[in-house]
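Q: Sharing data09.cif below, mmCIF, C-alpha atoms (C1' of nucleotides):
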```cif
data_final
loop_
_atom_site.group_PDB
_atom_site.id
_atom_site.type_symbol
_atom_site.label_atom_id
_atom_site.label_comp_id
_atom_site.auth_asym_id
_atom_site.auth_seq_id
_atom_site.Cartn_x
_atom_site.Cartn_y
_atom_site.Cartn_z
ATOM 1 C CA MET T 1 -144.440 162.781 -73.755
ATOM 2 C CA PRO T 2 -145.697 165.484 -76.047
ATOM 3 C CA GLU T 3 -144.246 168.836 -75.131
ATOM 4 C CA LEU T 4 -142.927 171.325 -77.630
ATOM 5 C CA PRO T 5 -139.832 169.315 -78.653
ATOM 6 C CA GLU T 6 -141.796 166.146 -79.290
ATOM 7 C CA ILE T 7 -144.453 167.958 -81.300
ATOM 8 C CA GLU T 8 -141.761 169.725 -83.288
ATOM 9 C CA THR T 9 -140.070 166.402 -83.956
ATOM 10 C CA ILE T 10 -143.335 164.958 -85.204
ATOM 11 C CA ARG T 11 -143.916 168.021 -87.349
ATOM 12 C CA ARG T 12 -140.522 167.717 -88.997
ATOM 13 C CA GLN T 13 -141.107 164.078 -89.815
ATOM 14 C CA LEU T 14 -144.612 164.649 -91.078
ATOM 15 C CA ALA T 15 -144.019 167.725 -93.207
ATOM 16 C CA PRO T 16 -142.168 166.075 -96.110
ATOM 17 C CA GLU T 17 -144.678 163.223 -96.152
ATOM 18 C CA LEU T 18 -147.821 165.310 -96.090
ATOM 19 C CA GLU T 19 -147.192 168.690 -97.635
ATOM 20 C CA GLY T 20 -148.632 168.927 -101.118
ATOM 21 C CA ARG T 21 -150.830 165.868 -100.706
ATOM 22 C CA ARG T 22 -154.561 165.789 -100.358
ATOM 23 C CA VAL T 23 -156.567 164.433 -97.484
ATOM 24 C CA GLU T 24 -158.850 162.079 -99.328
ATOM 25 C CA GLN T 25 -160.902 161.385 -96.265
ATOM 26 C CA LEU T 26 -161.033 161.902 -92.524
ATOM 27 C CA ASP T 27 -162.745 159.493 -90.172
ATOM 28 C CA VAL T 28 -163.367 160.753 -86.666
ATOM 29 C CA LEU T 29 -163.923 157.587 -84.675
ATOM 30 C CA ASP T 30 -164.422 159.195 -81.294
ATOM 31 C CA ALA T 31 -166.845 162.097 -81.152
ATOM 32 C CA ARG T 32 -165.158 163.351 -77.993
ATOM 33 C CA TRP T 33 -162.045 164.081 -80.006
ATOM 34 C CA CYS T 34 -163.652 167.128 -81.597
ATOM 35 C CA GLU T 35 -166.226 168.178 -79.011
ATOM 36 C CA PRO T 36 -168.276 170.244 -79.063
ATOM 37 C CA ALA T 37 -168.192 170.138 -82.855
ATOM 38 C CA GLU T 38 -169.771 167.298 -84.769
ATOM 39 C CA PRO T 39 -167.379 164.783 -86.324
ATOM 40 C CA SER T 40 -169.036 165.360 -89.687
ATOM 41 C CA ALA T 41 -168.149 169.037 -89.492
ATOM 42 C CA LEU T 42 -164.456 168.183 -89.362
ATOM 43 C CA GLU T 43 -164.715 165.422 -91.898
ATOM 44 C CA ASP T 44 -166.465 167.693 -94.385
ATOM 45 C CA ALA T 45 -164.095 170.594 -93.845
ATOM 46 C CA VAL T 46 -161.017 168.498 -94.429
ATOM 47 C CA ARG T 47 -162.097 166.066 -97.123
ATOM 48 C CA GLY T 48 -160.408 166.452 -100.473
ATOM 49 C CA ARG T 49 -158.269 169.403 -99.498
ATOM 50 C CA ARG T 50 -154.546 169.694 -100.080
ATOM 51 C CA ILE T 51 -152.197 170.055 -97.124
ATOM 52 C CA GLU T 52 -150.179 173.184 -97.747
ATOM 53 C CA ARG T 53 -148.135 173.123 -94.605
ATOM 54 C CA VAL T 54 -147.616 171.148 -91.432
ATOM 55 C CA ALA T 55 -147.100 173.747 -88.733
ATOM 56 C CA ARG T 56 -146.729 173.902 -84.972
ATOM 57 C CA ARG T 57 -147.858 176.449 -82.417
ATOM 58 C CA GLY T 58 -146.973 175.683 -78.816
ATOM 59 C CA LYS T 59 -148.013 172.075 -78.293
ATOM 60 C CA TYR T 60 -150.480 172.147 -81.177
ATOM 61 C CA LEU T 61 -149.756 170.496 -84.473
ATOM 62 C CA VAL T 62 -151.560 172.318 -87.272
ATOM 63 C CA LEU T 63 -152.479 171.003 -90.699
ATOM 64 C CA GLU T 64 -152.816 174.077 -92.870
ATOM 65 C CA LEU T 65 -155.122 173.122 -95.726
ATOM 66 C CA GLU T 66 -156.050 174.918 -98.882
ATOM 67 C CA ASP T 67 -158.916 177.408 -98.749
ATOM 68 C CA ASP T 68 -157.446 178.738 -95.505
ATOM 69 C CA ILE T 69 -158.771 175.884 -93.432
ATOM 70 C CA HIS T 70 -156.713 174.818 -90.442
ATOM 71 C CA LEU T 71 -156.911 171.706 -88.340
ATOM 72 C CA ALA T 72 -155.282 172.134 -84.936
ATOM 73 C CA MET T 73 -154.560 168.939 -83.045
ATOM 74 C CA HIS T 74 -153.451 168.599 -79.435
ATOM 75 C CA LEU T 75 -151.977 165.317 -78.166
ATOM 76 C CA ARG T 76 -152.374 166.113 -74.472
ATOM 77 C CA MET T 77 -150.808 163.396 -72.291
ATOM 78 C CA THR T 78 -150.899 160.226 -74.320
ATOM 79 C CA GLY T 79 -151.822 161.225 -77.842
ATOM 80 C CA ASN T 80 -149.651 160.075 -80.704
ATOM 81 C CA LEU T 81 -149.518 160.430 -84.462
ATOM 82 C CA LEU T 82 -148.477 157.549 -86.650
ATOM 83 C CA LEU T 83 -147.972 157.363 -90.371
ATOM 84 C CA SER T 84 -149.102 153.938 -91.418
ATOM 85 C CA HIS T 85 -150.610 151.704 -94.042
ATOM 86 C CA ASP T 86 -152.964 150.205 -91.505
ATOM 87 C CA ASP T 87 -156.556 151.253 -91.041
ATOM 88 C CA GLU T 88 -156.922 149.969 -87.528
ATOM 89 C CA ARG T 89 -154.841 150.367 -84.430
ATOM 90 C CA PRO T 90 -155.549 150.181 -80.728
ATOM 91 C CA HIS T 91 -156.861 153.440 -79.300
ATOM 92 C CA LEU T 92 -157.488 154.923 -82.722
ATOM 93 C CA ARG T 93 -159.413 158.214 -82.441
ATOM 94 C CA ALA T 94 -159.114 159.699 -85.893
ATOM 95 C CA ARG T 95 -157.779 158.548 -89.241
ATOM 96 C CA PHE T 96 -156.734 160.563 -92.272
ATOM 97 C CA LEU T 97 -156.523 158.877 -95.647
ATOM 98 C CA ILE T 98 -153.696 160.633 -97.401
ATOM 99 C CA GLU T 99 -153.388 160.893 -101.149
ATOM 100 C CA GLY T 100 -150.961 158.174 -102.181
ATOM 101 C CA GLY T 101 -152.295 155.565 -99.802
ATOM 102 C CA LYS T 102 -150.803 156.241 -96.396
ATOM 103 C CA ARG T 103 -152.867 156.866 -93.311
ATOM 104 C CA LEU T 104 -152.202 159.404 -90.620
ATOM 105 C CA LEU T 105 -153.476 157.877 -87.382
ATOM 106 C CA PHE T 106 -154.292 159.807 -84.229
ATOM 107 C CA LEU T 107 -153.897 157.333 -81.365
ATOM 108 C CA ASP T 108 -154.699 158.187 -77.785
ATOM 109 C CA VAL T 109 -155.077 155.793 -74.878
ATOM 110 C CA ARG T 110 -156.511 158.307 -72.450
ATOM 111 C CA ARG T 111 -158.634 160.131 -74.982
ATOM 112 C CA PHE T 112 -157.654 163.597 -73.821
ATOM 113 C CA GLY T 113 -156.379 164.628 -77.235
ATOM 114 C CA THR T 114 -158.392 167.032 -79.364
ATOM 115 C CA GLY T 115 -158.864 168.210 -82.907
ATOM 116 C CA VAL T 116 -160.451 171.491 -83.924
ATOM 117 C CA VAL T 117 -161.115 173.055 -87.298
ATOM 118 C CA LEU T 118 -160.457 176.759 -87.656
ATOM 119 C CA LEU T 119 -161.958 178.483 -90.663
ATOM 120 C CA GLY T 120 -159.784 181.321 -91.862
ATOM 121 C CA ARG T 121 -156.537 182.804 -90.714
ATOM 122 C CA GLU T 122 -158.255 185.203 -88.365
ATOM 123 C CA ALA T 123 -160.081 182.413 -86.602
ATOM 124 C CA ARG T 124 -156.865 180.476 -86.286
ATOM 125 C CA ASP T 125 -154.913 183.395 -84.887
ATOM 126 C CA ALA T 126 -157.709 184.282 -82.501
ATOM 127 C CA TYR T 127 -157.790 180.713 -81.235
ATOM 128 C CA PHE T 128 -154.100 180.694 -80.440
ATOM 129 C CA ASP T 129 -153.873 184.279 -79.241
ATOM 130 C CA VAL T 130 -156.145 183.669 -76.277
ATOM 131 C CA ARG T 131 -154.354 180.476 -75.313
ATOM 132 C CA LEU T 132 -150.689 180.851 -76.076
ATOM 133 C CA GLY T 133 -147.885 183.231 -75.245
ATOM 134 C CA PRO T 134 -144.765 183.763 -77.359
ATOM 135 C CA GLU T 135 -142.869 180.913 -78.971
ATOM 136 C CA PRO T 136 -139.723 180.294 -76.911
ATOM 137 C CA LEU T 137 -137.701 179.366 -80.001
ATOM 138 C CA ASP T 138 -138.503 182.584 -81.831
ATOM 139 C CA PRO T 139 -135.665 185.111 -82.008
ATOM 140 C CA ASP T 140 -137.719 187.711 -80.174
ATOM 141 C CA PHE T 141 -137.899 185.536 -77.079
ATOM 142 C CA THR T 142 -135.067 187.489 -75.470
ATOM 143 C CA ALA T 143 -134.038 187.919 -71.859
ATOM 144 C CA GLU T 144 -135.482 191.418 -71.937
ATOM 145 C CA ALA T 145 -138.780 190.206 -73.341
ATOM 146 C CA LEU T 146 -138.985 187.557 -70.656
ATOM 147 C CA ARG T 147 -138.099 190.078 -67.991
ATOM 148 C CA ALA T 148 -140.884 192.370 -69.146
ATOM 149 C CA GLN T 149 -143.284 189.466 -68.848
ATOM 150 C CA THR T 150 -142.219 188.415 -65.383
ATOM 151 C CA ARG T 151 -142.006 191.786 -63.668
ATOM 152 C CA GLY T 152 -144.497 192.256 -60.887
ATOM 153 C CA ARG T 153 -145.687 188.682 -60.940
ATOM 154 C CA THR T 154 -145.798 186.678 -57.755
ATOM 155 C CA ALA T 155 -146.509 183.243 -59.184
ATOM 156 C CA PRO T 156 -143.888 180.553 -58.547
ATOM 157 C CA VAL T 157 -141.513 180.433 -61.478
ATOM 158 C CA LYS T 158 -142.555 176.878 -62.254
ATOM 159 C CA ALA T 159 -146.214 177.856 -62.494
ATOM 160 C CA PHE T 160 -145.187 180.681 -64.784
ATOM 161 C CA LEU T 161 -143.316 178.328 -67.100
ATOM 162 C CA LEU T 162 -146.213 175.883 -67.239
ATOM 163 C CA ASN T 163 -148.757 178.569 -68.059
ATOM 164 C CA GLN T 164 -149.196 178.363 -71.821
ATOM 165 C CA GLU T 165 -150.492 181.930 -71.907
ATOM 166 C CA ARG T 166 -147.074 183.109 -70.748
ATOM 167 C CA ILE T 167 -144.774 180.927 -72.866
ATOM 168 C CA ALA T 168 -146.057 178.445 -75.412
ATOM 169 C CA GLY T 169 -145.054 174.813 -75.326
ATOM 170 C CA VAL T 170 -143.164 174.330 -72.060
ATOM 171 C CA GLY T 171 -144.558 171.401 -70.075
ATOM 172 C CA ASN T 172 -143.747 169.720 -66.801
ATOM 173 C CA ILE T 173 -140.572 167.967 -67.859
ATOM 174 C CA TYR T 174 -138.895 170.810 -69.707
ATOM 175 C CA ALA T 175 -139.899 173.264 -66.998
ATOM 176 C CA ASP T 176 -137.987 171.193 -64.449
ATOM 177 C CA GLU T 177 -135.110 170.762 -66.838
ATOM 178 C CA ALA T 178 -134.837 174.485 -67.506
ATOM 179 C CA LEU T 179 -134.996 175.392 -63.816
ATOM 180 C CA PHE T 180 -132.336 172.827 -63.037
ATOM 181 C CA ARG T 181 -130.061 174.195 -65.726
ATOM 182 C CA ALA T 182 -130.642 177.768 -64.611
ATOM 183 C CA LYS T 183 -130.186 176.760 -60.957
ATOM 184 C CA ILE T 184 -133.460 178.343 -59.924
ATOM 185 C CA HIS T 185 -135.756 176.920 -57.257
ATOM 186 C CA PRO T 186 -139.157 176.031 -58.745
ATOM 187 C CA LEU T 187 -141.066 177.887 -56.028
ATOM 188 C CA ARG T 188 -139.278 181.199 -56.325
ATOM 189 C CA PRO T 189 -141.632 184.049 -57.168
ATOM 190 C CA VAL T 190 -140.921 184.734 -60.811
ATOM 191 C CA GLY T 191 -141.008 188.475 -60.300
ATOM 192 C CA ALA T 192 -138.222 188.245 -57.746
ATOM 193 C CA LEU T 193 -135.675 186.946 -60.220
ATOM 194 C CA ARG T 194 -132.738 189.245 -60.827
ATOM 195 C CA ARG T 195 -131.820 190.274 -64.316
ATOM 196 C CA PRO T 196 -129.011 187.687 -64.634
ATOM 197 C CA GLN T 197 -131.338 184.947 -63.454
ATOM 198 C CA VAL T 198 -133.983 185.921 -65.963
ATOM 199 C CA ALA T 199 -131.321 185.769 -68.648
ATOM 200 C CA ALA T 200 -130.156 182.384 -67.375
ATOM 201 C CA LEU T 201 -133.709 181.135 -67.365
ATOM 202 C CA ARG T 202 -134.315 182.247 -70.934
ATOM 203 C CA ASP T 203 -131.155 180.512 -72.068
ATOM 204 C CA ALA T 204 -132.005 177.380 -70.097
ATOM 205 C CA VAL T 205 -135.517 177.171 -71.539
ATOM 206 C CA VAL T 206 -134.205 177.512 -75.072
ATOM 207 C CA ALA T 207 -131.334 175.083 -74.505
ATOM 208 C CA SER T 208 -133.595 172.486 -72.901
ATOM 209 C CA LEU T 209 -136.109 172.632 -75.724
ATOM 210 C CA GLU T 210 -133.441 172.473 -78.396
ATOM 211 C CA ALA T 211 -131.801 169.540 -76.657
ATOM 212 C CA GLY T 212 -135.145 167.802 -76.659
ATOM 213 C CA ILE T 213 -135.607 168.392 -80.366
ATOM 214 C CA ASP T 214 -132.134 167.166 -81.157
ATOM 215 C CA ALA T 215 -132.516 164.023 -79.103
ATOM 216 C CA LYS T 216 -133.484 161.113 -81.260
ATOM 217 C CA GLY T 217 -137.210 160.878 -80.961
ATOM 218 C CA ALA T 218 -139.579 158.118 -81.856
ATOM 219 C CA SER T 219 -140.279 157.987 -85.549
ATOM 220 C CA ILE T 220 -143.864 158.300 -86.606
ATOM 221 C CA ASP T 221 -143.253 156.218 -89.667
ATOM 222 C CA ASP T 222 -144.473 152.684 -89.492
ATOM 223 C CA PHE T 223 -141.587 151.415 -91.550
ATOM 224 C CA ARG T 224 -138.620 152.821 -89.790
ATOM 225 C CA HIS T 225 -139.912 152.070 -86.340
ATOM 226 C CA SER T 226 -142.660 149.882 -85.097
ATOM 227 C CA ASP T 227 -145.050 150.545 -82.289
ATOM 228 C CA GLY T 228 -143.444 150.839 -78.906
ATOM 229 C CA ALA T 229 -140.079 151.962 -80.161
ATOM 230 C CA GLU T 230 -139.854 155.243 -78.336
ATOM 231 C CA GLY T 231 -136.482 156.765 -77.667
ATOM 232 C CA SER T 232 -135.908 157.004 -73.968
ATOM 233 C CA PHE T 233 -135.864 160.746 -73.502
ATOM 234 C CA GLN T 234 -135.912 160.006 -69.820
ATOM 235 C CA ASP T 235 -132.202 159.430 -69.754
ATOM 236 C CA GLU T 236 -131.585 162.867 -71.158
ATOM 237 C CA PHE T 237 -133.102 164.656 -68.210
ATOM 238 C CA LEU T 238 -130.911 165.846 -65.409
ATOM 239 C CA ALA T 239 -133.423 165.858 -62.589
ATOM 240 C CA TYR T 240 -136.889 164.898 -63.771
ATOM 241 C CA GLY T 241 -138.022 161.504 -62.526
ATOM 242 C CA ARG T 242 -134.855 160.939 -60.556
ATOM 243 C CA GLU T 243 -136.050 161.296 -57.002
ATOM 244 C CA GLY T 244 -133.348 160.196 -54.590
ATOM 245 C CA GLU T 245 -130.720 159.823 -57.292
ATOM 246 C CA PRO T 246 -127.631 161.998 -57.096
ATOM 247 C CA CYS T 247 -127.645 165.430 -58.701
ATOM 248 C CA VAL T 248 -125.281 165.372 -61.669
ATOM 249 C CA ARG T 249 -123.667 168.580 -60.444
ATOM 250 C CA CYS T 250 -123.277 168.173 -56.700
ATOM 251 C CA GLY T 251 -124.168 164.568 -55.967
ATOM 252 C CA ARG T 252 -126.839 165.368 -53.428
ATOM 253 C CA PRO T 253 -130.145 163.532 -53.827
ATOM 254 C CA ILE T 254 -132.776 164.944 -56.149
ATOM 255 C CA ARG T 255 -135.907 165.918 -54.273
ATOM 256 C CA LYS T 256 -139.518 165.724 -55.319
ATOM 257 C CA ILE T 257 -142.190 168.221 -54.332
ATOM 258 C CA ARG T 258 -145.463 169.457 -55.772
ATOM 259 C CA ALA T 259 -145.474 172.759 -57.569
ATOM 260 C CA ALA T 260 -148.326 174.159 -59.595
ATOM 261 C CA GLY T 261 -150.103 170.892 -58.912
ATOM 262 C CA ARG T 262 -147.471 168.790 -60.673
ATOM 263 C CA GLY T 263 -144.703 166.498 -59.564
ATOM 264 C CA THR T 264 -141.552 168.606 -59.483
ATOM 265 C CA TYR T 265 -137.976 167.374 -59.296
ATOM 266 C CA PHE T 266 -135.021 169.554 -58.370
ATOM 267 C CA CYS T 267 -131.786 169.742 -56.448
ATOM 268 C CA ALA T 268 -132.321 171.543 -53.166
ATOM 269 C CA TYR T 269 -128.661 172.516 -53.031
ATOM 270 C CA CYS T 270 -128.086 173.751 -56.569
ATOM 271 C CA GLN T 271 -131.506 175.378 -56.750
ATOM 272 C CA ARG T 272 -131.724 177.512 -53.621
ATOM 273 C CA ALA T 273 -134.960 177.859 -51.758
ATOM 274 C CA PRO T 274 -136.728 181.191 -51.953
ATOM 275 C CA ARG T 275 -135.820 183.433 -49.067
ATOM 276 C CA ALA T 276 -138.820 184.135 -46.891
ATOM 277 C CA GLY T 277 -139.719 187.762 -46.444
ATOM 278 C CA LYS T 278 -138.260 188.747 -49.724
ATOM 279 C CA ALA T 279 -141.061 187.868 -52.054
ATOM 280 C CA LEU T 280 -140.581 190.578 -54.633
ATOM 281 C CA GLY T 281 -137.236 192.303 -54.782
ATOM 282 C CA SER T 282 -137.689 194.483 -51.736
ATOM 283 C CA ARG T 283 -136.090 197.394 -53.453
ATOM 284 C CA ARG T 284 -136.949 198.920 -56.814
ATOM 285 C "C1'" DC P 1 -157.054 139.871 -57.176
ATOM 286 C "C1'" DG P 2 -158.261 144.546 -55.468
ATOM 287 C "C1'" DC P 3 -157.321 149.139 -53.851
ATOM 288 C "C1'" DC P 4 -154.871 153.386 -54.064
ATOM 289 C "C1'" DC P 5 -151.818 156.592 -56.107
ATOM 290 C "C1'" DT P 6 -149.547 158.860 -59.923
ATOM 291 C "C1'" DG P 7 -149.331 160.967 -64.506
ATOM 292 C "C1'" DT P 8 -146.215 164.028 -70.646
ATOM 293 C "C1'" DT P 9 -152.300 168.496 -70.299
ATOM 294 C "C1'" DG P 10 -155.610 171.811 -69.844
ATOM 295 C "C1'" DG P 11 -160.343 173.578 -68.586
ATOM 296 C "C1'" DG P 12 -163.578 174.804 -65.103
ATOM 297 C "C1'" DG P 13 -165.290 175.951 -60.572
ATOM 298 C "C1'" DA P 14 -164.723 177.527 -55.766
ATOM 299 C "C1'" DA J 1 -154.283 184.502 -58.629
ATOM 300 C "C1'" DT J 2 -154.519 179.616 -56.510
ATOM 301 C "C1'" DC J 3 -155.927 175.220 -55.182
ATOM 302 C "C1'" DC J 4 -158.577 171.210 -56.322
ATOM 303 C "C1'" DC J 5 -161.079 168.203 -59.234
ATOM 304 C "C1'" DC J 6 -162.036 166.206 -63.571
ATOM 305 C "C1'" DA J 7 -161.572 163.914 -68.196
ATOM 306 C "C1'" DA J 8 -160.171 158.081 -69.173
ATOM 307 C "C1'" DC J 9 -156.916 154.745 -68.731
ATOM 308 C "C1'" DA J 10 -152.465 152.131 -67.589
ATOM 309 C "C1'" DG J 11 -149.022 150.709 -64.549
ATOM 310 C "C1'" DG J 12 -146.732 150.187 -60.178
ATOM 311 C "C1'" DG J 13 -146.706 149.482 -55.111
ATOM 312 C "C1'" DC J 14 -148.724 147.112 -51.394
#
```
What would you get if you wrote out this structure as C-alpha cells?

A:
Amino acid sequence: MPELPEIETIRRQLAPELEGRRVEQLDVLDARWCEPAEPSALEDAVRGRRIERVARRGKYLVLELEDDIHLAMHLRMTGNLLLSHDDERPHLRARFLIEGGKRLLFLDVRRFGTGVVLLGREARDAYFDVRLGPEPLDPDFTAEALRAQTRGRTAPVKAFLLNQERIAGVGNIYADEALFRAKIHPLRPVGALRRPQVAALRDAVVASLEAGIDAKGASIDDFRHSDGAEGSFQDEFLAYGREGEPCVRCGRPIRKIRAAGRGTYFCAYCQRAPRAGKALGSRR
DNA sequence: CGCCCTGTTGGGGA
DNA sequence: ATCCCCAACAGGGC
C-alpha cells in the first residue's frame, strides 16, 4: 500500500531511529534491487556513513548520508521497511546494519522495489526533477498552480493524477479518493475542469493525503507491532475497493471501471460523466 | 489441483 | 499522448 501517505508515515517513524546513526554495513541480497548498478557499488557508497536525514520525495524514501550521498528507495507495490533485530526475514532484499545494533530490512514479495545511490545534491535533484512533479503537501501546491498545470491538457483527470511527473506521490487509491471527494468523474478531461472544480480537486487531493497520513499506519518497529499487523486503511476509503457497495453520500452502488489502465472505483451519480462533445471548455 | 484474473508501481515499446 | 505488456508473486474465484 505504499503511496505518499504510507511512505511519509514510514519516514516519520524511521527518522528518530536513524538520524545521527551510522550505517555500519549494507547487504544487497538481490542484485535486481539496484539494477543496473552493482550491489557492491551501493554497499561501498553507504558503508560507514552517518545518516543525516530521512527524507521523502513523492513515493521515494531517501536516506541522506554524510558526504552528500543519497540513497533513494522505492517500495513499488509490495515493498516494506522494517526496523528489526533479526538478520533474516522472508522476501528480504536488502539489509542495513545500523549503528547501535538494529537492522533496517527492505522486504519485498514481488521484487519490484528499487534502491539507487545518487552522488551529490545535483545528481539527486536531477534524478527527481525528471520523474516527479510538485509535492502536493507543499504550500505552493495551490489551486492556481494546479490550474496552470492542467490547462490545455486532454488526459483524463485520473491519468493526470497518477502521472508522477504532474504531481508527486498520488497513486491509484488516493486518486480515486480525491476524485470521489471532489465529485469529479475519473474520465473527465482534466483541462475541461472549471476553476471551482480545480480548486475542489486540489483541496480533495490534499485532504485525502493528510487523512491517509493521520490514519494509524502499520508500525515499522518490530517491537511495537509484529509482522502482519497492518492497519486496515481499506476501511478509511469512501469508494476504493467497494464495488457494488452503497455510496456513502447517495447510497447508489459504487461502480468499477478501468481508467489509465488501473481499476477505478467511483459513484456514477455523485461523479458525473463527462459530457460528450465538450472535451475542452468550448469557450475561452 | 489447475487455470485465469487481478493488483498499492513504473518503464518501455508500438 | 495512449494503450498494452512486462517485471515476480500471492490470493481469490471457478

Q: Give as a compact mmCIF listing (two decimals) with C-alpha atoms, keeping the file's coordinate frame every residue, naming chains and numbers as the document does, that has an atom within 9 Å of (-138.3, 169.4, -66.9), counting all atoms listed in the file.

A:
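And here's point_18.txt as it stands now:
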```txt
# COMPACT_ATOMS: atom_id res chain seq x y z
CA VAL T 170 -143.16 174.33 -72.06
CA GLY T 171 -144.56 171.40 -70.08
CA ASN T 172 -143.75 169.72 -66.80
CA ILE T 173 -140.57 167.97 -67.86
CA TYR T 174 -138.90 170.81 -69.71
CA ALA T 175 -139.90 173.26 -67.00
CA ASP T 176 -137.99 171.19 -64.45
CA GLU T 177 -135.11 170.76 -66.84
CA ALA T 178 -134.84 174.48 -67.51
CA LEU T 179 -135.00 175.39 -63.82
CA PHE T 180 -132.34 172.83 -63.04
CA SER T 208 -133.60 172.49 -72.90
CA PHE T 237 -133.10 164.66 -68.21
CA LEU T 238 -130.91 165.85 -65.41
CA ALA T 239 -133.42 165.86 -62.59
CA TYR T 240 -136.89 164.90 -63.77
CA THR T 264 -141.55 168.61 -59.48
CA TYR T 265 -137.98 167.37 -59.30
```

Q: Would you list the contacts of T:Pro196 as an NGL selection string, taking every protein, DNA or RNA residue within 12 Å and counting all atoms listed in the file, but skipping same-chain residues closer than 5 positions in sequence?

A: :T and (143-144 or 146-147 or 182-184 or 201-203)

Q: Write a file of the just-selected residues containing C-alpha atoms, as a CSV table (one decimal), in the frame of the given file.

A:
```
chain,number,residue,atom,x,y,z
T,143,ALA,CA,-134.0,187.9,-71.9
T,144,GLU,CA,-135.5,191.4,-71.9
T,146,LEU,CA,-139.0,187.6,-70.7
T,147,ARG,CA,-138.1,190.1,-68.0
T,182,ALA,CA,-130.6,177.8,-64.6
T,183,LYS,CA,-130.2,176.8,-61.0
T,184,ILE,CA,-133.5,178.3,-59.9
T,201,LEU,CA,-133.7,181.1,-67.4
T,202,ARG,CA,-134.3,182.2,-70.9
T,203,ASP,CA,-131.2,180.5,-72.1
```

Q: Per residue of chain P within 10 Å of chain T, what are the shortest atom pair and its distance in Å to one decimal, counting only C-alpha atoms (C1' of nucleotides), with rows by chain and residue number, as JSON lines?

A:
```
{"residue": "P:DT6", "atom": "C1'", "partner": "T:Gly263", "partner_atom": "CA", "distance": 9.1}
{"residue": "P:DG7", "atom": "C1'", "partner": "T:Met77", "partner_atom": "CA", "distance": 8.3}
{"residue": "P:DT8", "atom": "C1'", "partner": "T:Met1", "partner_atom": "CA", "distance": 3.8}
{"residue": "P:DT9", "atom": "C1'", "partner": "T:Arg76", "partner_atom": "CA", "distance": 4.8}
{"residue": "P:DG10", "atom": "C1'", "partner": "T:Arg76", "partner_atom": "CA", "distance": 8.0}
```

Q: If you measure from atom CA of T:Gly261 to atom CA of T:Leu162, what distance in Å do you get, rounded to one decimal?

A: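 For atom CA of T:Gly261 relative to atom CA of T:Leu162, the distance reads 10.5 Å.
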
Q: Check which residues of chain J sit at most 9 Å from chain T using only C-alpha atoms (C1' of nucleotides), and return one row each with the closest pair of atoms and their distance in Å to one decimal, ordered by chain and rising number, as CSV.

A:
```
residue,atom,partner,partner_atom,distance
J:DA1,C1',T:Ala155,CA,7.9
J:DT2,C1',T:Ala260,CA,8.8
J:DC3,C1',T:Gly261,CA,8.2
J:DC4,C1',T:Gly261,CA,8.9
J:DA7,C1',T:Phe112,CA,6.9
J:DA8,C1',T:Arg110,CA,4.9
J:DC9,C1',T:Arg110,CA,5.2
J:DA10,C1',T:Val109,CA,8.6
```

Q: Next, the residues of the selection above should be written as a PDB file, keeping the file's coordinate frame with C-alpha atoms (C1' of nucleotides).

A:
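The result, written out as selection.pdb:
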```pdb
ATOM      1  C1'  DA J   1    -154.283 184.502 -58.629  1.00  0.00           C
ATOM      2  C1'  DT J   2    -154.519 179.616 -56.510  1.00  0.00           C
ATOM      3  C1'  DC J   3    -155.927 175.220 -55.182  1.00  0.00           C
ATOM      4  C1'  DC J   4    -158.577 171.210 -56.322  1.00  0.00           C
ATOM      5  C1'  DA J   7    -161.572 163.914 -68.196  1.00  0.00           C
ATOM      6  C1'  DA J   8    -160.171 158.081 -69.173  1.00  0.00           C
ATOM      7  C1'  DC J   9    -156.916 154.745 -68.731  1.00  0.00           C
ATOM      8  C1'  DA J  10    -152.465 152.131 -67.589  1.00  0.00           C
TER       9       DA J  10
END
```

Q: What would the selection look like, as a PDB file with C-alpha atoms (C1' of nucleotides), keeping the file's coordinate frame, if the PyMOL selection byres ((chain P and resi 4) around 12) were run on the coordinates I just shared?

A:
```
ATOM      1  C1'  DG P   2    -158.261 144.546 -55.468  1.00  0.00           C
ATOM      2  C1'  DC P   3    -157.321 149.139 -53.851  1.00  0.00           C
ATOM      3  C1'  DC P   5    -151.818 156.592 -56.107  1.00  0.00           C
ATOM      4  C1'  DT P   6    -149.547 158.860 -59.923  1.00  0.00           C
TER       5       DT P   6
ATOM      6  C1'  DG J  12    -146.732 150.187 -60.178  1.00  0.00           C
ATOM      7  C1'  DG J  13    -146.706 149.482 -55.111  1.00  0.00           C
ATOM      8  C1'  DC J  14    -148.724 147.112 -51.394  1.00  0.00           C
TER       9       DC J  14
END
```

Q: Work out how far apart atom CA of T:Asp68 and atom CA of T:Pro5 are and give it in Å to one decimal.

A: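 Separation of atom CA of T:Asp68 and atom CA of T:Pro5: 26.1 Å.
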
Q: What is the atom CA of T:Asp138 to atom CA of T:Arg53 distance in Å?

A: 18.6 Å

Q: Residues within 10 Å of T:Arg32, please, as a ChimeraX atom specification. Count all atoms listed in the file; anything in the same chain fewer than 3 positions from it doesn't count.

A: /T:28-29,35-39,93,111-115

Q: Please enumerate the residues selected by the PyMOL selection byres ((chain T and resi 86-92) around 10) when evaluated against the supplied file, formatted as a list in words.

A: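 So the PyMOL selection byres ((chain T and resi 86-92) around 10) ends up selecting Val28, Leu29, Asp30, Gly79, Asn80, Leu81, Leu82, Leu83, Ser84, His85, Arg93, Ala94, Arg95, Phe96, Leu97, Gly101, Lys102, Arg103, Leu104, Leu105, Phe106, Leu107, Asp108, Val109, Arg110, Arg111 and Asp222 of chain T.
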